[in-house]
file start01.cif (mmCIF, C-alpha atoms and all ligand atoms)
data_upload
loop_
_atom_site.label_atom_id
_atom_site.label_comp_id
_atom_site.auth_asym_id
_atom_site.auth_seq_id
_atom_site.Cartn_x
_atom_site.Cartn_y
_atom_site.Cartn_z
CA MET A 621 56.27 11.26 1.48
CA ILE A 622 57.66 14.75 1.38
CA LYS A 623 57.21 16.82 -1.77
CA GLU A 624 60.66 17.45 -3.17
CA ILE A 625 61.72 20.87 -4.28
CA GLU A 626 62.55 21.30 -7.96
CA GLN A 627 64.12 24.76 -7.68
CA VAL A 628 64.30 27.89 -5.54
CA PHE A 629 64.29 31.03 -7.69
CA LYS A 630 65.62 34.45 -6.72
CA ARG A 631 63.44 37.50 -7.18
CA PRO A 632 63.52 38.62 -10.83
CA ALA A 633 66.09 41.38 -11.35
CA ASN A 634 63.79 44.12 -12.60
CA TYR A 635 60.39 45.41 -11.69
CA GLY A 636 57.83 46.84 -14.08
CA MET A 637 55.01 49.29 -13.53
CA VAL A 638 51.39 48.31 -14.16
CA GLY A 639 49.86 51.70 -14.79
CA ASP A 640 51.44 53.99 -12.18
CA GLY A 641 50.16 52.17 -9.10
CA PHE A 642 51.62 48.67 -9.11
CA ARG A 643 55.39 48.20 -8.90
CA VAL A 644 55.66 44.53 -9.67
CA TYR A 645 58.16 41.75 -10.22
CA ASN A 646 56.81 39.12 -12.57
CA TYR A 647 57.69 35.67 -11.19
CA PHE A 648 55.91 33.86 -13.99
CA PRO A 649 55.60 33.66 -16.95
CA THR A 650 58.54 36.10 -17.39
CA GLY A 651 60.78 34.87 -14.54
CA PHE A 652 59.84 31.21 -14.93
CA ASN A 653 58.26 30.47 -18.29
CA ASP A 654 57.29 26.80 -18.32
CA ARG A 655 53.58 27.54 -18.23
CA MET A 656 52.49 23.92 -17.87
CA ARG A 657 54.49 23.59 -14.61
CA VAL A 658 52.46 26.32 -12.91
CA SER A 659 49.06 25.63 -14.52
CA PRO A 660 46.27 26.46 -13.59
CA PHE A 661 48.09 29.66 -12.57
CA LEU A 662 49.00 31.88 -15.51
CA MET A 663 50.76 34.85 -14.00
CA LEU A 664 52.19 35.99 -10.66
CA ASP A 665 52.99 39.67 -10.19
CA PHE A 666 54.35 40.69 -6.78
CA ASN A 667 54.62 44.26 -5.52
CA PRO A 668 56.96 43.92 -2.51
CA GLU A 669 56.41 46.49 0.20
CA PHE A 670 56.89 49.94 -1.30
CA ASN A 671 56.01 53.29 0.14
CA PHE A 672 53.92 55.29 -2.32
CA GLY A 673 53.84 58.95 -1.34
CA PRO A 674 50.59 60.92 -1.04
CA SER A 675 48.70 61.66 -4.25
CA ASP A 676 45.42 63.48 -4.89
CA THR A 677 44.86 61.40 -8.01
CA PRO A 678 44.71 57.69 -7.17
CA ARG A 679 47.49 55.73 -8.83
CA GLY A 680 46.59 52.61 -10.73
CA VAL A 681 45.53 51.32 -14.11
CA GLY A 682 42.52 52.60 -16.07
CA SER A 683 39.81 50.73 -17.91
CA HIS A 684 41.13 47.63 -19.72
CA PRO A 685 39.67 44.29 -20.88
CA HIS A 686 40.16 40.67 -19.86
CA LYS A 687 38.75 37.44 -21.27
CA GLY A 688 39.17 33.72 -20.62
CA PHE A 689 40.55 33.58 -17.06
CA GLU A 690 40.36 35.07 -13.54
CA THR A 691 42.32 37.85 -11.86
CA VAL A 692 42.98 37.49 -8.14
CA THR A 693 44.34 40.40 -6.13
CA ILE A 694 45.70 39.77 -2.64
CA ALA A 695 46.26 42.93 -0.59
CA TYR A 696 48.91 42.52 2.12
CA LYS A 697 49.37 46.24 2.81
CA GLY A 698 47.48 49.23 1.48
CA SER A 699 44.05 49.38 -0.17
CA VAL A 700 42.98 48.62 -3.73
CA ALA A 701 39.74 49.72 -5.39
CA HIS A 702 38.07 48.05 -8.36
CA HIS A 703 35.26 48.93 -10.79
CA ASP A 704 34.07 46.81 -13.68
CA SER A 705 31.70 46.96 -16.65
CA LYS A 706 29.27 44.52 -14.98
CA GLY A 707 28.60 47.12 -12.29
CA ASN A 708 30.69 45.48 -9.59
CA SER A 709 32.94 47.60 -7.44
CA GLY A 710 34.73 47.23 -4.16
CA VAL A 711 37.70 48.10 -2.01
CA ILE A 712 40.03 45.53 -0.53
CA ASN A 713 42.19 46.30 2.47
CA ALA A 714 45.11 44.50 4.09
CA GLY A 715 44.30 40.79 4.37
CA ASP A 716 41.45 40.88 1.83
CA VAL A 717 41.24 39.30 -1.61
CA GLN A 718 39.39 40.24 -4.77
CA TRP A 719 38.63 37.36 -7.09
CA MET A 720 37.32 38.49 -10.48
CA THR A 721 36.16 36.06 -13.14
CA ALA A 722 36.72 37.70 -16.52
CA GLY A 723 35.23 34.65 -18.29
CA ALA A 724 33.39 35.71 -21.45
CA GLY A 725 34.77 39.24 -21.19
CA ILE A 726 34.85 42.30 -18.97
CA LEU A 727 36.40 45.74 -18.61
CA HIS A 728 37.78 46.81 -15.24
CA LYS A 729 40.04 49.36 -13.61
CA GLU A 730 42.25 48.85 -10.59
CA TYR A 731 43.75 51.63 -8.51
CA HIS A 732 44.71 52.73 -5.02
CA GLU A 733 41.75 53.49 -2.79
CA GLU A 734 41.10 57.22 -2.51
CA ASN A 735 41.93 57.78 1.17
CA PHE A 736 44.99 55.54 0.97
CA SER A 737 46.13 57.62 -2.02
CA LYS A 738 45.76 60.87 -0.10
CA THR A 739 47.90 59.75 2.81
CA GLY A 740 50.18 57.39 0.88
CA GLY A 741 51.89 54.59 2.73
CA ALA A 742 53.15 51.05 2.60
CA PHE A 743 51.74 49.02 -0.26
CA GLN A 744 52.30 45.30 -0.73
CA MET A 745 50.25 43.19 -3.09
CA VAL A 746 50.08 40.13 -5.31
CA GLN A 747 48.13 39.76 -8.51
CA LEU A 748 47.60 36.24 -9.68
CA TRP A 749 45.95 35.14 -12.93
CA VAL A 750 44.10 31.84 -12.77
CA ASN A 751 43.31 30.07 -16.02
CA LEU A 752 39.88 28.72 -16.91
CA PRO A 753 39.48 25.41 -18.74
CA ARG A 754 37.99 25.44 -22.23
CA ALA A 755 34.62 24.41 -20.79
CA ASN A 756 34.46 27.54 -18.61
CA LYS A 757 36.28 30.20 -20.65
CA LEU A 758 32.98 31.80 -21.57
CA ALA A 759 31.53 31.69 -18.05
CA PRO A 760 29.64 34.86 -17.13
CA ALA A 761 31.93 37.48 -15.62
CA GLY A 762 31.82 37.52 -11.83
CA TYR A 763 33.28 39.17 -8.77
CA GLN A 764 34.02 37.78 -5.30
CA ALA A 765 35.12 40.19 -2.59
CA ILE A 766 36.65 38.02 0.11
CA GLU A 767 37.38 39.82 3.34
CA ALA A 768 40.01 38.66 5.83
CA ALA A 769 37.32 37.65 8.35
CA GLN A 770 35.71 35.26 5.83
CA MET A 771 38.88 33.24 5.24
CA GLY A 772 39.17 29.73 6.57
CA LYS A 773 41.60 29.90 9.52
CA VAL A 774 44.06 27.24 10.63
CA ILE A 775 45.52 28.24 13.99
CA LEU A 776 48.91 26.57 14.34
CA ASP A 777 50.20 24.92 17.48
CA ASN A 778 52.68 26.54 19.85
CA ASN A 779 51.77 30.08 18.78
CA GLY A 780 53.15 29.15 15.35
CA GLY A 781 50.86 31.46 13.41
CA THR A 782 47.82 31.23 11.16
CA VAL A 783 46.95 29.95 7.70
CA ASN A 784 44.27 32.04 6.00
CA VAL A 785 42.70 29.66 3.53
CA ILE A 786 41.58 31.72 0.52
CA ALA A 787 40.71 28.75 -1.70
CA GLY A 788 40.86 25.00 -1.31
CA GLU A 789 41.54 23.22 1.94
CA CYS A 790 44.35 23.22 4.51
CA ASN A 791 44.41 20.67 7.34
CA GLY A 792 40.63 20.21 7.10
CA VAL A 793 39.76 23.91 6.90
CA LYS A 794 38.16 25.14 3.67
CA GLY A 795 38.49 28.55 2.01
CA PRO A 796 35.58 30.67 0.70
CA ALA A 797 36.66 31.33 -2.92
CA LYS A 798 34.57 29.59 -5.55
CA THR A 799 36.88 28.17 -8.21
CA PHE A 800 36.27 26.39 -11.52
CA THR A 801 39.06 23.84 -11.07
CA GLN A 802 40.61 22.28 -7.98
CA MET A 803 43.20 24.53 -6.32
CA ASN A 804 44.64 25.76 -3.04
CA VAL A 805 45.54 29.38 -2.32
CA PHE A 806 46.91 29.87 1.21
CA ASP A 807 48.00 33.10 2.89
CA ILE A 808 50.37 31.71 5.53
CA ARG A 809 51.52 33.88 8.45
CA LEU A 810 54.19 32.24 10.61
CA ASN A 811 55.78 33.60 13.74
CA GLU A 812 59.51 33.08 14.20
CA ASN A 813 59.98 29.33 14.81
CA GLY A 814 56.40 28.67 13.73
CA LYS A 815 55.77 25.46 11.82
CA LEU A 816 53.19 24.39 9.28
CA ASN A 817 52.91 20.74 8.30
CA THR A 818 50.36 20.12 5.59
CA LEU A 819 49.59 17.93 2.59
CA VAL A 820 49.05 18.98 -1.00
CA PRO A 821 47.91 16.38 -3.54
CA GLN A 822 50.80 14.91 -5.53
CA ASN A 823 49.05 15.61 -8.84
CA HIS A 824 48.81 19.36 -8.13
CA ASN A 825 51.38 21.75 -9.51
CA CYS A 826 52.68 23.52 -6.41
CA ASN A 827 54.77 26.60 -5.70
CA MET A 828 55.20 29.24 -3.02
CA LEU A 829 56.41 32.82 -2.68
CA VAL A 830 58.12 34.17 0.44
CA VAL A 831 56.38 37.55 0.67
CA GLU A 832 58.23 38.43 3.88
CA GLY A 833 60.70 36.70 6.18
CA ALA A 834 62.65 33.48 5.62
CA VAL A 835 61.80 29.83 5.92
CA GLU A 836 63.11 26.31 5.68
CA VAL A 837 60.83 24.20 3.56
CA ASN A 838 61.26 20.48 2.89
CA GLY A 839 64.99 20.65 3.58
CA LYS A 840 65.81 23.82 1.62
CA THR A 841 66.09 27.47 2.56
CA ALA A 842 63.92 30.13 0.97
CA SER A 843 64.66 33.76 1.74
CA GLU A 844 62.56 36.86 1.43
CA HIS A 845 61.09 37.30 -2.09
CA GLU A 846 62.28 33.89 -3.26
CA PHE A 847 59.98 31.56 -5.17
CA VAL A 848 59.90 27.82 -4.60
CA LEU A 849 58.76 25.34 -7.25
CA PHE A 850 57.91 21.86 -5.95
CA LYS A 851 58.14 18.62 -7.91
CA ASN A 852 54.92 16.71 -8.53
CA LEU A 853 56.22 13.90 -6.32
CA GLY A 854 55.10 13.34 -2.75
CA ASP A 855 52.52 15.36 -0.86
CA GLY A 856 54.09 16.60 2.39
CA ILE A 857 54.98 20.24 2.91
CA ASN A 858 56.78 21.19 6.10
CA ILE A 859 57.57 24.86 6.58
CA HIS A 860 59.60 26.23 9.48
CA ALA A 861 59.90 30.00 9.77
CA THR A 862 63.33 31.25 10.80
CA LYS A 863 61.85 34.77 11.09
CA ASN A 864 58.31 36.12 11.21
CA SER A 865 57.16 35.24 7.71
CA VAL A 866 54.35 35.69 5.21
CA ILE A 867 54.07 33.03 2.52
CA LEU A 868 51.75 32.59 -0.43
CA LEU A 869 51.31 28.93 -1.28
CA LEU A 870 49.63 27.96 -4.56
CA SER A 871 48.70 24.52 -5.80
CA GLY A 872 46.26 23.24 -8.36
CA LEU A 873 45.28 20.53 -10.74
CA PRO A 874 46.96 21.41 -14.07
CA ILE A 875 44.70 22.37 -16.97
CA ASN A 876 46.19 20.29 -19.79
CA GLU A 877 45.06 22.47 -22.69
CA PRO A 878 46.93 24.77 -25.07
CA ILE A 879 47.39 28.38 -23.90
CA ALA A 880 46.99 31.16 -26.46
CA GLN A 881 47.62 34.61 -24.99
CA TYR A 882 47.49 38.10 -26.38
CA GLY A 883 48.02 40.56 -23.51
CA PRO A 884 44.88 40.52 -21.35
CA PHE A 885 43.16 37.72 -23.31
CA VAL A 886 43.96 34.06 -22.59
CA MET A 887 42.22 31.49 -24.77
CA ASN A 888 43.05 28.08 -26.26
CA THR A 889 43.59 29.06 -29.93
CA ARG A 890 44.71 32.03 -32.05
CA GLU A 891 41.27 32.18 -33.67
CA GLU A 892 39.71 32.67 -30.24
CA LEU A 893 42.15 35.53 -29.57
CA TYR A 894 41.11 37.28 -32.81
CA GLU A 895 37.51 36.82 -31.72
CA ALA A 896 38.27 38.37 -28.30
CA ILE A 897 39.97 41.38 -29.93
CA ASP A 898 37.00 41.83 -32.29
CA GLU A 899 34.52 41.62 -29.41
CA PHE A 900 36.49 44.16 -27.39
CA ASN A 901 36.72 46.54 -30.37
CA ALA A 902 32.98 46.14 -30.98
CA GLY A 903 32.22 47.17 -27.38
CA LYS A 904 30.85 43.77 -26.37
CA PHE A 905 32.61 43.79 -22.97
CA GLY A 906 30.44 46.73 -21.88
CA VAL A 907 31.24 50.30 -20.98
CA LEU A 908 33.51 51.59 -18.25
CA ASN A 909 34.91 55.10 -18.08
MN MN A 1001 43.31 43.88 -14.95
#
call {"tool": "encode", "arguments": {"input": "start01.cif", "output": "structure tokens"}}
result
Amino acid sequence: MIKEIEQVFKRPANYGMVGDGFRVYNYFPTGFNDRMRVSPFLMLDFNPEFNFGPSDTPRGVGSHPHKGFETVTIAYKGSVAHHDSKGNSGVINAGDVQWMTAGAGILHKEYHEENFSKTGGAFQMVQLWVNLPRANKLAPAGYQAIEAAQMGKVILDNNGGTVNVIAGECNGVKGPAKTFTQMNVFDIRLNENGKLNTLVPQNHNCNMLVVEGAVEVNGKTASEHEFVLFKNLGDGINIHATKNSVILLLSGLPINEPIAQYGPFVMNTREELYEAIDEFNAGKFGVLN
């Protein structure tokens, strides 16, 4: 049975800057704020293609903390660099993904890669926050650099395109990301008239963002930058691209626990937030200049 669509949302009206390097529209929780309907995903920021001019000083956001969840950066265009207080660093380029587990607490900084900054150019990116269940909120901080070549690849029939499986499983092909709860994160690239028919478990919360292009999905139209929320009924997803399209599809088993958030800390209770703030102020997340 086909998964029915609950609603197709337009792009939020206004963008915000994260530091000076990320020009993002917040699809949730600002645009759509029923957090339990998108769990285990906490936040979706999308920087649609934007041309940043050349800069000698890399744009981005300086050292800041996180605790209790994971940050996932998907680079569609441009290059993003990362450093954290656990000594991890890396650069992701177009098609790559950086999956950071903040867990028990970390400091990191995120900015445009140095050479990309110098030349400037097209930048297109998603940052997704993935919640951790109570049992894993204090997991040791970790970092997975997932390059485009490591993704699971579903090659679609009739030159339809490719699904890069970042996490989970699409049509029998698994993705490389290690996750704490069950989820699918698919980077779908469809050629004009390309079709993807796949199944997502009925008990997953499921949504998708049209990063580029336009599609018909399960009987509705979704245009560029629109966001589709599926009902938790049925499992079939049938996408037909009416133009060359790039789609981010997210699904996951909901984490049915209370969410307590203060900025970059996401815990279950207020007391745990106070604890996170105290730990950060006491320097327990390490040092990062
Ligand atoms: Mn961050």
call {"tool": "residues_around", "arguments": {"input": "start01.cif", "residues": "range 884-895 of chain A", "least_positions_apart": "2", "cutoff": "8 Å", "atoms": "only C-alpha atoms", "output": "PyMOL selection string"}}
result
chain A and resi 685-689+751+754+757+877-882+897-899
call {"tool": "residues_near_ligand", "arguments": {"input": "start01.cif", "ligand": "ligand MN 1001 (chain A)", "cutoff": "12 Å", "atoms": "all atoms listed in the file", "output": "ChimeraX atom specification"}}
result
/A:638-639,642,663,665,680-687,689-693,701-704,718-722,725-731,747-749,883-885
call {"tool": "atom_distance", "arguments": {"input": "start01.cif", "atom1": "CA of Ser737 in chain A", "atom2": "CA of Leu869 in chain A"}}
result
29.2 Å
call {"tool": "closest_residue", "arguments": {"input": "start01.cif", "among": "A:Gly641, A:Gly636, A:Gly839, A:Pro821", "to": "His860 in chain A", "atoms": "all atoms listed in the file"}}
result
A:Gly839
call {"tool": "closest_residue", "arguments": {"input": "start01.cif", "among": "A:Leu873, A:Met745, A:Leu816, A:Leu849", "to": "Ala861 in chain A", "atoms": "all atoms listed in the file"}}
result
A:Leu816
call {"tool": "closest_residue", "arguments": {"input": "start01.cif", "among": "A:Lys794, A:Ser843, A:Lys863, A:Gln764", "to": "Glu812 in chain A", "atoms": "all atoms listed in the file"}}
result
A:Lys863
call {"tool": "residues_around", "arguments": {"input": "start01.cif", "residues": "His845 in chain A", "least_positions_apart": "5", "cutoff": "12 Å", "atoms": "only C-alpha atoms", "output": "list in words"}}
result
Val628, Phe629, Lys630, Arg631, Pro632, Ala633, Val644, Tyr645, Asn646, Tyr647, Asp665, Phe666, Asn667, Pro668, Glu669, Gln744, Val746, Met828, Leu829, Val830, Val831, Glu832, Gly833, Ala834, Val835, Ser865, Val866, Ile867 and Leu868 of chain A
call {"tool": "residues_around", "arguments": {"input": "start01.cif", "residues": "range 773-785 of chain A", "least_positions_apart": "5", "cutoff": "8 Å", "atoms": "only C-alpha atoms", "output": "PyMOL selection string"}}
result
chain A and resi 768+790-791+793-796+804-816
call {"tool": "residues_around", "arguments": {"input": "start01.cif", "residues": "Glu767 in chain A", "least_positions_apart": "3", "cutoff": "9 Å", "atoms": "only C-alpha atoms", "output": "count of residues only"}}
result
8
call {"tool": "atom_distance", "arguments": {"input": "start01.cif", "atom1": "CA of Ala714 in chain A", "atom2": "CA of Thr739 in chain A"}}
result
15.6 Å
